[in-house]
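S.K.: Shown below is the structure under consideration.
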Number of protein chains: 2
Amino acid sequence: MRLKDIGEIGFIKRIESGCLVRDKKVIRGIGDDCCVFKASGRMAILLTTDMLVEKIHFLLGSISPYELGRKSLAVNLSDIAAMGGTPREAVISIAIPDTVDLAILDGVYDGMKSMAKEFEVNILGGDTTSSPEHLVINVALVGEAAEDEILYRSGAGEGEVIFLTGPVGSSAAGLDLILKGREIQGWEALIEAHHNPYPHIEAGRIIASTKKANSLIDVSDGVAADLGHICTESGLGAILEERMIPTTETFREYCKRFHEDSNHLSLHVGEDYVLLGTAVAGAANELRAALESEGLEFHQIGQMVAEPGLRFRTRENSLESMETSGWDHFR
Amino acid sequence: MRLKDIGEIGFIKRIESGCLVRDKKVIRGIGDDCCVFKASGRMAILLTTDMLVEKIHFLLGSISPYELGRKSLAVNLSDIAAMGGTPREAVISIAIPDTVDLAILDGVYDGMKSMAKEFEVNILGGDTTSSPEHLVINVALVGEAAEDEILYRSGAGEGEVIFLTGPVGSSAAGLDLILKGREIQGWEALIEAHHNPYPHIEAGRIIASTKKANSLIDVSDGVAADLGHICTESGLGAILEERMIPTTETFREYCKRFHEDSNHLSLHVGEDYVLLGTAVAGAANELRAALESEGLEFHQIGQMVAEPGLRFRTRENSLESMETSGWDHFR
């Protein structure tokens with residue numbers, strides 16, 4: 001079945017079910033000019049938006065529609081996690097070329113709804129339109145946080161421990177494998193990391209509510225670029241320790257097997273969607289305990305320093321300067 | 001200059017100035033994973049989003065970049081107006097093909113900022129990405145309203161007066177002229193109506209705060225389609241009076257000169273971005289007075305009736321059934 005068989009209103013009716021997963025404080029969902037909801041008490045409101053464009057962010061022949069739907073929400077959830085917030089309400093815009101079958105769209109929305117349900121996020125509205133050639137999905141996501149718990153990129157202090165809440169590089173290796181047309185078998189975990197990232201909302205809430213960290217960001221552009229943002233915003237520099245960068249065994253095997261530069265893939269590509277933050281040493285230990293007691297990860301990877309710029313201490317103990325560049329859409 | 005000369009961060013820095021026009025209750029704007037702000041007191045939060053796609057919603061050779069920027073915000077402002085709300089914070093996603101010059105983008109953002117400034121809306125963040133071929137702009141806009149003042153499509157009652165807050169058809173005539181490649185001279189007002197619509201925020205606030213109306217929507221899909229939404233959501237029908245439909249003199253001249261169907265253009269095309277609502281007769285007169293005292297318009301155009309469906313009373317006093325169809329992106 002094609003979209004033109006059911007029309008715009010038919011399509012909206014088709015995707016409507018399962019969009020509301022939490023009634024509380026929702027006044028009006030899909031079906032009016034705006035959705036309407038209430039803030040919780042004195043909580044601050046977080047707002048983020050991300051656009052996924054076919055052939056730039058995804059290839060319909062590579063990612064499944066279901067994974068695409070999940071990822072379009074996940075990248076926004078990760079931004080809420082990076083502030084230490086709780087995600088709440090989403091609106092979704094989609095531009096659809098007439099070559100895209102309804103079954104693909106059903107898959108995309110099923111994926112979105114599965115991710116939304118896992119994090120108790122309501123899909124309360126959006127915009128549907130046609131597109132001349134490429135599928136475009138934009139999610140705008142509202143979250144909330146207590147104002148005094150919110151973590152910014154600008155809060156890092158000199159001497160603080162730099163940490164990650166999960167391994168990096170697997171998503172980059174998955175993308176590398178796809179782009180180079182390599183056989184997937186045996187490397188499914190890397191593809192999964194790239195196509196189905198899991199936002200670290202729970203870790204973000206623990207980091208924020210325990211007030212043990214002073215800065216936080218999610219790794220979307222790559223550790224080097226995102227740590228670069230913390231450095232710039234906090235007016236500091238950082239030293240990363242090569243031996244401390246957490247990666248998975250599959251990732252290390254992939255790099256070894258295909259002679260890929262593991263530092264490039266783990267630090268300069270991105271889309272890991274783990275959290276990267278800083279905390280003073282004592283608090284960092286308490287934070288590790290708090291995260292690990294919930295089955296979550298904490299990996300110390302370096303230290304904030306007064307001297308500006310990013311440096312990298314190799315396994316051989318030589319200190320090299322490091323480019324902060326990650327992915328730039330325009331270069 | 002091209003986008004690739006300045007890169008993504010350079011571009012964000014370039015557009016940043018003039019985005020914050022109101023400090024109040026804004027905690028963090030552009031530059032972190034999310035923007036952060038506070039709700040005002042016990043106000044409900046309104047959220048809307050609209051996507052404009054090149055070759056579907058606009059042609060870069062026809063609309064100026066400045067007007068495109070204004071319109072991308074205006075269509076969202078109009079949704080806030082249609083709830084009776086006050087617009088507050090916007091985030092903007094943009095997908096940019098590498099063929100688009102930086103001067104065009106500067107124009108787009110200047111237009112957005114001029115519209116945002118007029119309505120005291122902050123642009124607090126967004127997402128910038130490349131696009132394989134077409135320019136895509138998505139705006140997500142947060143507004144607020146007192147919960148007991150919000151007007152929905154579903155609130156209309158039997159016997160209520162149907163009203164518009166401005167003339168209709170000019171935008172459709174402007175589009176008609178562009179698509180048919182006619183000479184613009186003399187018809188600039190129609191092009192202006194299509195390229196630079198003005199959201200009826202002030203009228204929406206008066207309609208909501210005086211509590212004289214019971215339903216409200218903005219005319220984006222056309223009077224017939226949008227009134228159809230009110231009918232469906234309110235479980236009623238409506239009769240429109242041909243002699244009462246407000247149009248401009250230029251619009252009427254255009255239809256006469258080119259033998260265009262004025263009823264089709266004024267009722268079935270849309271993008272007028274005036275407000276369409278219903279009120280009981282006595283309250284409607286008070287509402288007219290309240291709007292006119294502020295220099296705003298109120299045009300009675302028909303009546304809500306119990307019998308479902310939309311009917312049209314011609315100047316010759318014959319009652320015809322009317323299609324509620326307006327623009328459908330997928331048909």
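Residue numbering restarts at 1 for every chain of the structure tokens, chains are lettered A, B, ... in their displayed order, and ligands are numbered from 1 as they appear.
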Per DSSP on the backbone, what are the strand (DSSP E) residues of region 7-81 of chain A, as a PyMOL selection string?
M.R.: chain A and resi 26-28+35-38+44-53
S.K.: Output as a Markdown table one row per residue of region 160-196 of chain B within 12 Å of region 71-95 of chain B: the closest atom pair and its distance in Å to one decimal place, counting only C-alpha atoms, sorted by chain and residue number ascending.
M.R.:
| residue | atom | partner | partner_atom | distance |
| --- | --- | --- | --- | --- |
| B:Leu164 | CA | B:Ala82 | CA | 11.6 |
| B:Thr165 | CA | B:Ala82 | CA | 11.0 |
| B:Glu192 | CA | B:Lys71 | CA | 10.9 |
| B:Ala193 | CA | B:Lys71 | CA | 10.5 |
| B:His194 | CA | B:Lys71 | CA | 9.1 |
| B:His195 | CA | B:Lys71 | CA | 6.8 |
| B:Asn196 | CA | B:Lys71 | CA | 5.9 |
S.K.: Next, dump the selected residues to file, keeping only N, CA and C atoms, as a short mmCIF file (atom, residue, chain, number, x, y, z; two decimals), in the first residue's frame.
M.R.:
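Saved file again_18.cif follows:
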data_model
loop_
_atom_site.label_atom_id
_atom_site.label_comp_id
_atom_site.auth_asym_id
_atom_site.auth_seq_id
_atom_site.Cartn_x
_atom_site.Cartn_y
_atom_site.Cartn_z
N LEU B 164 -13.87 34.51 10.90
CA LEU B 164 -12.47 34.59 10.45
C LEU B 164 -11.87 35.89 10.97
N THR B 165 -10.56 35.89 11.22
CA THR B 165 -9.91 37.12 11.68
C THR B 165 -9.22 37.89 10.55
N GLU B 192 2.89 38.70 -1.76
CA GLU B 192 3.24 39.01 -0.37
C GLU B 192 2.44 38.12 0.61
N ALA B 193 1.15 37.97 0.32
CA ALA B 193 0.31 37.13 1.19
C ALA B 193 0.83 35.69 1.21
N HIS B 194 1.34 35.24 0.07
CA HIS B 194 1.83 33.85 0.00
C HIS B 194 3.23 33.70 0.60
N HIS B 195 4.09 34.67 0.37
CA HIS B 195 5.49 34.54 0.81
C HIS B 195 5.76 35.10 2.21
N ASN B 196 4.90 35.97 2.67
CA ASN B 196 5.19 36.64 3.94
C ASN B 196 3.94 36.73 4.82
#
S.K.: DSSP on the backbone: which residues in region 24-207 of chain B end up as helix (DSSP H, G or I)? Give the answer as number ranges by chain.
M.R.: B: 65-81, 102-118, 147-149, 153-155, 170-179, 188-195, 201-207
S.K.: Compile the contact shell of Thr247 (chain A) as a PyMOL selection string: residues with an atom at most 12 Å away, counting only C-alpha atoms, same-chain residues fewer than 5 positions apart removed.
M.R.: chain A and resi 164-173+190+193+242+252-255+262-263+265-267+272+274+299+301
S.K.: Could the residues of chain B within 7 Å of chain A, counting only C-alpha atoms, be given as a VMD selection string, please?
M.R.: chain B and resid 3 to 4 7 to 8 32 to 39 44 to 51 53 55 to 56 79 to 80 82 to 83 91 93 126 to 127 129 to 132 140 152 to 153 217 328 to 331
S.K.: Can you write just those residues out, N, CA and C atoms, as a compact mmCIF listing (two decimals), in the first residue's frame?
M.R.:
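Printed below is part27.txt as written:
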# COMPACT_ATOMS: atom_id res chain seq x y z
N LEU B 3 29.55 27.35 2.80
CA LEU B 3 29.44 26.78 4.13
C LEU B 3 30.69 25.99 4.51
N LYS B 4 31.26 25.31 3.53
CA LYS B 4 32.41 24.47 3.86
C LYS B 4 33.65 25.28 4.24
N GLY B 7 32.63 25.84 8.13
CA GLY B 7 32.35 24.65 8.93
C GLY B 7 31.11 24.82 9.80
N GLU B 8 30.74 23.73 10.45
CA GLU B 8 29.49 23.69 11.21
C GLU B 8 29.54 24.64 12.41
N ASP B 32 24.58 24.17 24.12
CA ASP B 32 24.71 22.95 24.92
C ASP B 32 23.89 21.85 24.26
N ASP B 33 23.72 20.72 24.94
CA ASP B 33 23.00 19.60 24.33
C ASP B 33 21.50 19.90 24.19
N CYS B 34 20.97 20.67 25.13
CA CYS B 34 19.58 21.12 25.08
C CYS B 34 19.58 22.60 25.44
N CYS B 35 18.52 23.31 25.09
CA CYS B 35 18.30 24.60 25.71
C CYS B 35 17.47 24.37 26.97
N VAL B 36 17.51 25.33 27.88
CA VAL B 36 16.85 25.17 29.18
C VAL B 36 16.09 26.43 29.50
N PHE B 37 14.85 26.29 29.91
CA PHE B 37 14.05 27.46 30.32
C PHE B 37 13.01 27.03 31.33
N LYS B 38 12.36 28.02 31.94
CA LYS B 38 11.34 27.72 32.94
C LYS B 38 9.97 28.05 32.40
N ALA B 39 8.97 27.31 32.82
CA ALA B 39 7.58 27.65 32.51
C ALA B 39 7.19 28.84 33.40
N ALA B 44 0.12 26.31 31.07
CA ALA B 44 0.31 25.08 30.30
C ALA B 44 1.29 25.37 29.17
N ILE B 45 1.98 24.32 28.73
CA ILE B 45 2.98 24.47 27.67
C ILE B 45 2.38 23.99 26.35
N LEU B 46 2.54 24.80 25.31
CA LEU B 46 2.11 24.44 23.96
C LEU B 46 3.35 24.08 23.16
N LEU B 47 3.26 23.06 22.33
CA LEU B 47 4.40 22.67 21.50
C LEU B 47 3.90 22.36 20.09
N THR B 48 4.54 22.94 19.10
CA THR B 48 4.16 22.67 17.71
C THR B 48 5.42 22.57 16.85
N THR B 49 5.31 21.91 15.72
CA THR B 49 6.45 21.80 14.82
C THR B 49 5.98 21.78 13.37
N ASP B 50 6.74 22.39 12.48
CA ASP B 50 6.41 22.40 11.06
C ASP B 50 7.68 22.32 10.25
N MET B 51 7.62 21.53 9.19
CA MET B 51 8.77 21.33 8.32
C MET B 51 8.48 21.94 6.94
N VAL B 53 9.96 22.06 3.10
CA VAL B 53 10.85 21.32 2.23
C VAL B 53 10.93 22.00 0.86
N LYS B 55 11.05 22.69 -2.93
CA LYS B 55 10.30 22.11 -4.06
C LYS B 55 8.94 21.56 -3.66
N ILE B 56 8.68 21.42 -2.35
CA ILE B 56 7.34 21.04 -1.89
C ILE B 56 6.63 22.29 -1.36
N ASP B 79 0.22 28.35 14.60
CA ASP B 79 -0.32 27.24 15.39
C ASP B 79 -0.47 27.61 16.86
N ILE B 80 0.47 28.40 17.36
CA ILE B 80 0.35 28.88 18.75
C ILE B 80 -0.85 29.84 18.85
N ALA B 82 -3.49 29.77 17.12
CA ALA B 82 -4.73 28.99 17.00
C ALA B 82 -5.14 28.32 18.31
N MET B 83 -4.24 28.30 19.29
CA MET B 83 -4.60 27.78 20.61
C MET B 83 -4.88 28.94 21.57
N VAL B 91 13.42 26.13 18.49
CA VAL B 91 14.65 25.47 18.05
C VAL B 91 14.47 25.16 16.57
N SER B 93 15.93 23.24 13.05
CA SER B 93 16.79 22.28 12.35
C SER B 93 16.86 22.70 10.90
N GLY B 126 19.08 24.24 18.02
CA GLY B 126 18.64 23.57 16.81
C GLY B 126 19.63 22.53 16.36
N ASP B 127 19.59 22.23 15.09
CA ASP B 127 20.48 21.22 14.52
C ASP B 127 20.82 21.65 13.10
N THR B 129 22.76 20.40 9.53
CA THR B 129 23.28 19.22 8.86
C THR B 129 23.34 19.49 7.36
N SER B 130 24.04 18.63 6.65
CA SER B 130 24.04 18.77 5.21
C SER B 130 22.86 17.99 4.63
N SER B 131 22.57 18.23 3.37
CA SER B 131 21.45 17.59 2.69
C SER B 131 21.92 17.19 1.30
N PRO B 132 21.49 16.04 0.81
CA PRO B 132 21.99 15.61 -0.51
C PRO B 132 21.53 16.52 -1.64
N ALA B 140 10.61 23.92 15.68
CA ALA B 140 9.77 23.47 16.80
C ALA B 140 9.63 24.67 17.72
N TYR B 152 -9.59 24.80 21.59
CA TYR B 152 -9.36 23.61 20.78
C TYR B 152 -10.30 23.58 19.59
N ARG B 153 -10.00 22.65 18.67
CA ARG B 153 -10.87 22.45 17.53
C ARG B 153 -12.20 21.84 17.95
N ILE B 217 -8.97 27.51 15.19
CA ILE B 217 -7.98 26.81 14.37
C ILE B 217 -7.35 27.87 13.47
N ASP B 328 -3.74 18.02 0.64
CA ASP B 328 -3.27 16.76 1.20
C ASP B 328 -1.90 16.48 0.59
N HIS B 329 -0.88 16.41 1.45
CA HIS B 329 0.48 16.26 0.94
C HIS B 329 0.72 14.95 0.21
N PHE B 330 -0.14 13.98 0.46
CA PHE B 330 0.15 12.66 -0.09
C PHE B 330 -0.77 12.28 -1.25
N ARG B 331 -1.66 13.22 -1.66
CA ARG B 331 -2.59 12.86 -2.74
C ARG B 331 -2.38 13.70 -3.96
S.K.: List as a Markdown table every residue of region 182-293 of chain A that is in contact with region 305-314 of chain A, defined as an atom at most 10 Å from one of its atoms (using only C-alpha atoms), together with the nearest atom pair and the distance in Å rounded to one decimal, sorted by chain and then rising number.
M.R.:
| residue | atom | partner | partner_atom | distance |
| --- | --- | --- | --- | --- |
| A:Ala224 | CA | A:Leu310 | CA | 7.7 |
| A:Ala225 | CA | A:Leu310 | CA | 9.6 |
| A:Leu227 | CA | A:Leu310 | CA | 8.3 |
| A:Gly228 | CA | A:Leu310 | CA | 7.0 |
| A:Cys231 | CA | A:Gly309 | CA | 7.4 |
| A:Thr232 | CA | A:Pro308 | CA | 8.3 |
| A:Gly235 | CA | A:Pro308 | CA | 7.3 |
| A:Leu236 | CA | A:Ala306 | CA | 5.1 |
| A:Gly237 | CA | A:Pro308 | CA | 3.9 |
| A:Ala238 | CA | A:Leu310 | CA | 5.0 |
| A:Ile239 | CA | A:Arg311 | CA | 4.7 |
| A:Leu240 | CA | A:Phe312 | CA | 4.8 |
| A:Glu241 | CA | A:Arg313 | CA | 4.9 |
| A:Glu242 | CA | A:Thr314 | CA | 5.1 |
| A:Arg243 | CA | A:Thr314 | CA | 7.1 |
| A:Met244 | CA | A:Arg313 | CA | 9.9 |
S.K.: How about saving the chosen residues, N, CA and C atoms kept, as a short mmCIF file (atom, residue, chain, number, x, y, z; two decimals), in the first residue's frame?
M.R.:
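And here's result.cif as it stands now:
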data_model
loop_
_atom_site.label_atom_id
_atom_site.label_comp_id
_atom_site.auth_asym_id
_atom_site.auth_seq_id
_atom_site.Cartn_x
_atom_site.Cartn_y
_atom_site.Cartn_z
N ALA A 224 36.94 13.17 21.07
CA ALA A 224 37.84 14.32 20.95
C ALA A 224 37.04 15.61 20.75
N ALA A 225 36.07 15.58 19.83
CA ALA A 225 35.28 16.78 19.55
C ALA A 225 34.41 17.16 20.74
N LEU A 227 34.77 16.26 23.97
CA LEU A 227 35.61 16.73 25.08
C LEU A 227 36.13 18.12 24.75
N GLY A 228 36.40 18.36 23.48
CA GLY A 228 36.80 19.71 23.03
C GLY A 228 35.74 20.75 23.39
N CYS A 231 36.10 21.44 27.05
CA CYS A 231 37.31 22.26 27.26
C CYS A 231 37.04 23.72 26.90
N THR A 232 36.48 23.94 25.71
CA THR A 232 36.23 25.30 25.25
C THR A 232 35.27 26.03 26.18
N GLY A 235 36.86 26.63 29.57
CA GLY A 235 38.11 27.39 29.57
C GLY A 235 39.30 26.59 30.07
N LEU A 236 39.35 25.31 29.71
CA LEU A 236 40.41 24.44 30.19
C LEU A 236 40.94 23.57 29.05
N GLY A 237 41.92 22.73 29.37
CA GLY A 237 42.41 21.72 28.44
C GLY A 237 42.21 20.34 29.05
N ALA A 238 42.63 19.32 28.33
CA ALA A 238 42.45 17.96 28.84
C ALA A 238 43.55 17.04 28.35
N ILE A 239 43.86 16.03 29.14
CA ILE A 239 44.78 14.97 28.72
C ILE A 239 44.01 13.64 28.73
N LEU A 240 43.99 12.98 27.59
CA LEU A 240 43.35 11.66 27.47
C LEU A 240 44.41 10.58 27.57
N GLU A 241 44.07 9.48 28.23
CA GLU A 241 45.00 8.37 28.41
C GLU A 241 44.62 7.24 27.48
N GLU A 242 45.48 6.94 26.51
CA GLU A 242 45.17 5.89 25.54
C GLU A 242 44.80 4.56 26.21
N ARG A 243 45.56 4.19 27.24
CA ARG A 243 45.35 2.88 27.86
C ARG A 243 44.01 2.80 28.58
N MET A 244 43.38 3.95 28.84
CA MET A 244 42.11 3.96 29.59
C MET A 244 40.86 4.02 28.71
#
S.K.: Considering only C-alpha atoms, state which residue in the set B:Leu179, B:Ile245, B:Met112, B:Ala213 is at the smallest distance from Ala279 (chain B).
M.R.: B:Ala213
S.K.: Could you tell me how far CA of Gly295 (chain B) sits from CA of Gly277 (chain B), in Å to one decimal place?
M.R.: 18.3 Å
S.K.: Which distance in Å separates CA of Lys180 (chain A) and CA of Ser325 (chain A), to one decimal?
M.R.: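 We find that CA of Lys180 (chain A) and CA of Ser325 (chain A) lie 22.4 Å from each other.
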S.K.: Enter the distance from CA of Asn122 (chain B) to CA of Arg22 (chain B), in Å, rounded to one decimal.
M.R.: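 So the answer is 6.5 Å.
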